[in-house]
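Peer 1: This is the structure I have questions about; it appears just below.
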Amino acid sequence: MAGGRKIIIDTDPGQDDAIAILLALASPELDVLGITAVAGNVPLALTEKNTRKICELAGRPDTKVFAGAIRPLVRGLVTAEHVHGRTGLDGPDLPEPTMALQDRYAVDFIVDTLMAEEAGQVTLCPLGPLTNIALALIREPRIAPRIREIVLMGGGFFEGGNVTPAAEFNIYVDPHAADIVLGAGIPVVMMPLDVTHKALTTAKRVARFRDLATPVGAAAAALLEFFERFDEEKYGTDGGPLHDPCVIAYLLRPDLFGGRACNVTVETASELTMGMTVVDWWDVTDRPKNAMVMRDIDADGFFELLTDRLGRL
C-alpha cells in the first residue's frame with residue numbers, strides 16, 4: 001500500500017514463504033515495491049511461478065514479481081522438495097498464474113529501486129538463500145548505505161541446523177552470499193531457528209485459518225498441513241515451525257520478538273560445518289556486532305496477527 005513502509009521481499013516459495021507473502025499483502029502498513037524470486041526450496045522456474053500464484057491468491061495480481069538467481073554464488077544448488085513437495089507449494093490445488101512475470105532481472109530491480117528511492121527508506125526482506133541480495137551488493141556497492149535494514153529468516157545457533165547438524169537451510173544453500181550480506185555494514189535483523197522453532201503450527205492454530213471460510217484461509221490451512229508433516233515426524237511436535245512469516249510479523253509487531261545484538265559470522269570453508277552461523281551471543285570476542293539476533297517470540301500473539309491479517313484477504 002502506498003504510504004506504508006517500503007519493502008522488497010526476496011523469496012523461494014515454499015509454503016512458509018507463501019504465508020509470509022500473504023501476510024505482507026494483507027497489511028496496509030507495508031508497501032510491497034516488488035517481490036524477487038530466487039532458487040532455493042525448489043528451482044527458480046518454480047519459485048517465480050509460486051510467487052505469482054500467491055499474489056493471485058491474495059487478490060494482488062498487480063504486484064511486480066521478478067526472477068533472479070538460478071543458483072548460488074559458488075556451490076551447486078541444494079533444494080528441499082522432501083519438505084515442500086515437488087512443486088514447492090504442495091498442499092492446496094492452486095491454479096496456474098495468469099499475471100505476467102516482469103521482464104527485468106531481479107538483481108537489477110533491487111539495485112535500481114534502492115538507487116532511485118530516498119536513502120534509508122527501503123527494507124529488504126529475504127525469506128530464502130541470500131543470492132539475489134549478495135549479487136545486488138556486488139553489482140552496486142553504493143546500495144549498502146541506502147538500505148534501511150535487512151530483516152531475514154536464516155541461521156541458527158542454540159537450535160543447531162535443520163539441513164545439517166550445523167546449518168540452517170537458507171544459509172547452507174548459499175553461505176558465500178550470506179557472508180557478503182552480513183559483512184556489508186547494513187543493519188540486519190535475523191530470525192534464526194532459535195526463534196522460529198517456537199512458532200509452531202499446532203492443530204488449533206491451523207484450524208483457525210480454515211475457520212476463516214475463505215479461499216485464502218483454506219489454502220493457508222492446506223499449505224501448513226502439508227508443510228508441517230515433515231517437521232512433526234522429525235521433532236515429534238504438534239505442528240512444525242513457521243519460519244518465514246516471522247520476518248513480516250517483525251515489521252508489523254516488533255514487540256512480539258526479543259533478542260540481542262551480536263556478531264554473526266558464516267562458515268564458508270569447512271564441509272563439516274558449511275553454512276553454520278556462528279553467533280557470539282555471550283560477547284566473548286571483540287568482533288563487531290552486525291545483527292540483531294532474535295531468540296524469543298510471543299507465539300500466541302504471532303498467530304493472532306497472522307489469523308487476523310489473512311482474514312482480511
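Naming scheme: A, B, ... for chains in displayed order of the C-alpha cells; residues 1 onward per chain; ligands 1 onward as shown.
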Determine, counting only C-alpha atoms, which protein, DNA and RNA residues have an atom within 7 Å of an atom of Asp10 (chain A); residues of the same chain fewer than 5 positions away are not included. Present the result as a list in words.
Peer 2: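 Contacts, in chain order: Ile35, Thr36, Ala37, Cys125, Pro126, Leu127 and Gly128 of chain A.
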Peer 1: Residues within 8 Å of His84 (chain A), please, as a CSV table (one decimal) with N, CA, C and O atoms, in the first residue's frame. Count only C-alpha atoms; anything in the same chain fewer than 4 positions from it doesn't count.
Peer 2:
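Listed below is the output, result_27.csv:
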```
chain,number,residue,atom,x,y,z
A,14,GLY,N,8.0,-22.7,-1.5
A,14,GLY,CA,7.9,-22.7,-0.1
A,14,GLY,C,6.6,-22.3,0.5
A,14,GLY,O,6.1,-21.2,0.3
A,15,GLN,N,6.0,-23.2,1.3
A,15,GLN,CA,4.7,-23.0,2.0
A,15,GLN,C,4.9,-21.8,3.0
A,15,GLN,O,4.0,-21.0,3.1
A,41,ASN,N,14.2,-23.4,-2.1
A,41,ASN,CA,13.4,-24.6,-1.7
A,41,ASN,C,13.1,-25.5,-3.0
A,41,ASN,O,13.1,-26.7,-2.9
A,80,ALA,N,14.8,-28.5,-1.5
A,80,ALA,CA,14.1,-29.2,-0.4
A,80,ALA,C,12.7,-29.7,-0.8
A,80,ALA,O,11.8,-29.5,0.0
A,88,GLY,N,6.9,-27.3,-4.5
A,88,GLY,CA,7.3,-26.3,-3.6
A,88,GLY,C,6.1,-25.7,-2.8
A,88,GLY,O,6.2,-25.2,-1.7
A,89,LEU,N,4.9,-25.9,-3.4
A,89,LEU,CA,3.7,-25.4,-2.8
A,89,LEU,C,2.7,-26.5,-2.7
A,89,LEU,O,1.4,-26.3,-2.8
A,90,ASP,N,3.1,-27.7,-2.5
A,90,ASP,CA,2.2,-28.9,-2.4
A,90,ASP,C,1.3,-28.6,-1.2
A,90,ASP,O,1.6,-28.0,-0.2
A,226,PHE,N,0.4,-29.6,4.9
A,226,PHE,CA,1.4,-30.3,4.1
A,226,PHE,C,2.8,-30.1,4.7
A,226,PHE,O,3.6,-31.0,4.9
A,227,PHE,N,3.1,-28.8,4.9
A,227,PHE,CA,4.4,-28.4,5.3
A,227,PHE,C,4.8,-28.9,6.7
A,227,PHE,O,6.0,-29.4,6.9
```
Peer 1: What's the 8 Å shell around region 20-31 of chain A, counting only C-alpha atoms, without same-chain residues fewer than 2 positions away, as a PDB file with C-alpha atoms, in the first residue's frame?
Peer 2:
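The result, written out as part.pdb:
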```
ATOM      1  CA  MET A   1       0.000   0.000   0.000  1.00  0.00           C
ATOM      2  CA  ALA A   2       1.415   3.382  -0.994  1.00  0.00           C
ATOM      3  CA  GLY A   3       2.430   5.346   2.067  1.00  0.00           C
ATOM      4  CA  GLY A   4       3.397   2.286   4.081  1.00  0.00           C
ATOM      5  CA  ARG A   5       6.873   1.070   4.956  1.00  0.00           C
ATOM      6  CA  LYS A   6       8.591   0.272   1.656  1.00  0.00           C
ATOM      7  CA  ILE A   7       9.814  -3.304   1.369  1.00  0.00           C
ATOM      8  CA  ILE A   9      10.506  -9.385  -0.454  1.00  0.00           C
ATOM      9  CA  ASP A  16       6.056 -20.768   4.802  1.00  0.00           C
ATOM     10  CA  ASP A  17       7.201 -18.173   2.255  1.00  0.00           C
ATOM     11  CA  ALA A  18       3.660 -18.196   0.892  1.00  0.00           C
ATOM     12  CA  LEU A  33       7.530  -2.462  -4.063  1.00  0.00           C
ATOM     13  CA  ILE A  54       0.379 -16.492  -4.084  1.00  0.00           C
ATOM     14  CA  CYS A  55      -0.066 -12.925  -5.322  1.00  0.00           C
ATOM     15  CA  ALA A  58      -4.183 -12.727  -2.287  1.00  0.00           C
ATOM     16  CA  ARG A  60      -2.992  -8.795  -5.798  1.00  0.00           C
ATOM     17  CA  ASP A 244       9.374 -17.048   7.129  1.00  0.00           C
ATOM     18  CA  PRO A 245       6.287 -15.150   8.371  1.00  0.00           C
ATOM     19  CA  CYS A 246       8.390 -14.121  11.390  1.00  0.00           C
ATOM     20  CA  VAL A 247      10.165 -11.648   9.083  1.00  0.00           C
ATOM     21  CA  ILE A 248       6.967  -9.846   8.095  1.00  0.00           C
ATOM     22  CA  ALA A 249       5.472 -10.104  11.583  1.00  0.00           C
ATOM     23  CA  LEU A 252       4.330  -5.155  11.890  1.00  0.00           C
ATOM     24  CA  LEU A 306      -1.490 -13.983  11.135  1.00  0.00           C
ATOM     25  CA  ARG A 309      -4.483 -10.340   8.609  1.00  0.00           C
ATOM     26  CA  LEU A 310      -5.147 -13.381   6.429  1.00  0.00           C
ATOM     27  CA  ARG A 312      -8.765  -9.620   5.516  1.00  0.00           C
ATOM     28  CA  LEU A 313      -7.829 -11.133   2.158  1.00  0.00           C
TER      29      LEU A 313
END
```
Peer 1: Using only C-alpha atoms, which residues sit within 10 Å of Ala207 (chain A) once same-chain residues fewer than 2 positions away are excluded, as a list in words?
Peer 2: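 Close residues of Ala207 (chain A): Thr201, Thr202, Ala203, Lys204, Arg205, Phe209, Arg210, Asp211, Leu212, Gly217, Ala218, Ala220, Ala221 and Glu225 of chain A.
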Peer 1: When you look at Phe257 (chain A) with a cut-off of 12 Å (counting only C-alpha atoms), what residues show up, excluding the ones that are within fewer than 4 positions of it in the same chain? I need them as a ChimeraX atom specification.
Peer 2: /A:189-192,194-196,198-199,246-253,292-302
Peer 1: Using only C-alpha atoms, find the one residue out of A:Gly68, A:Pro288, A:Gly275, A:Gly259 that sits nearest to Ala136 (chain A).
Peer 2: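 Residue with the minimum atom-to-atom distance to Ala136 (chain A): A:Gly68.
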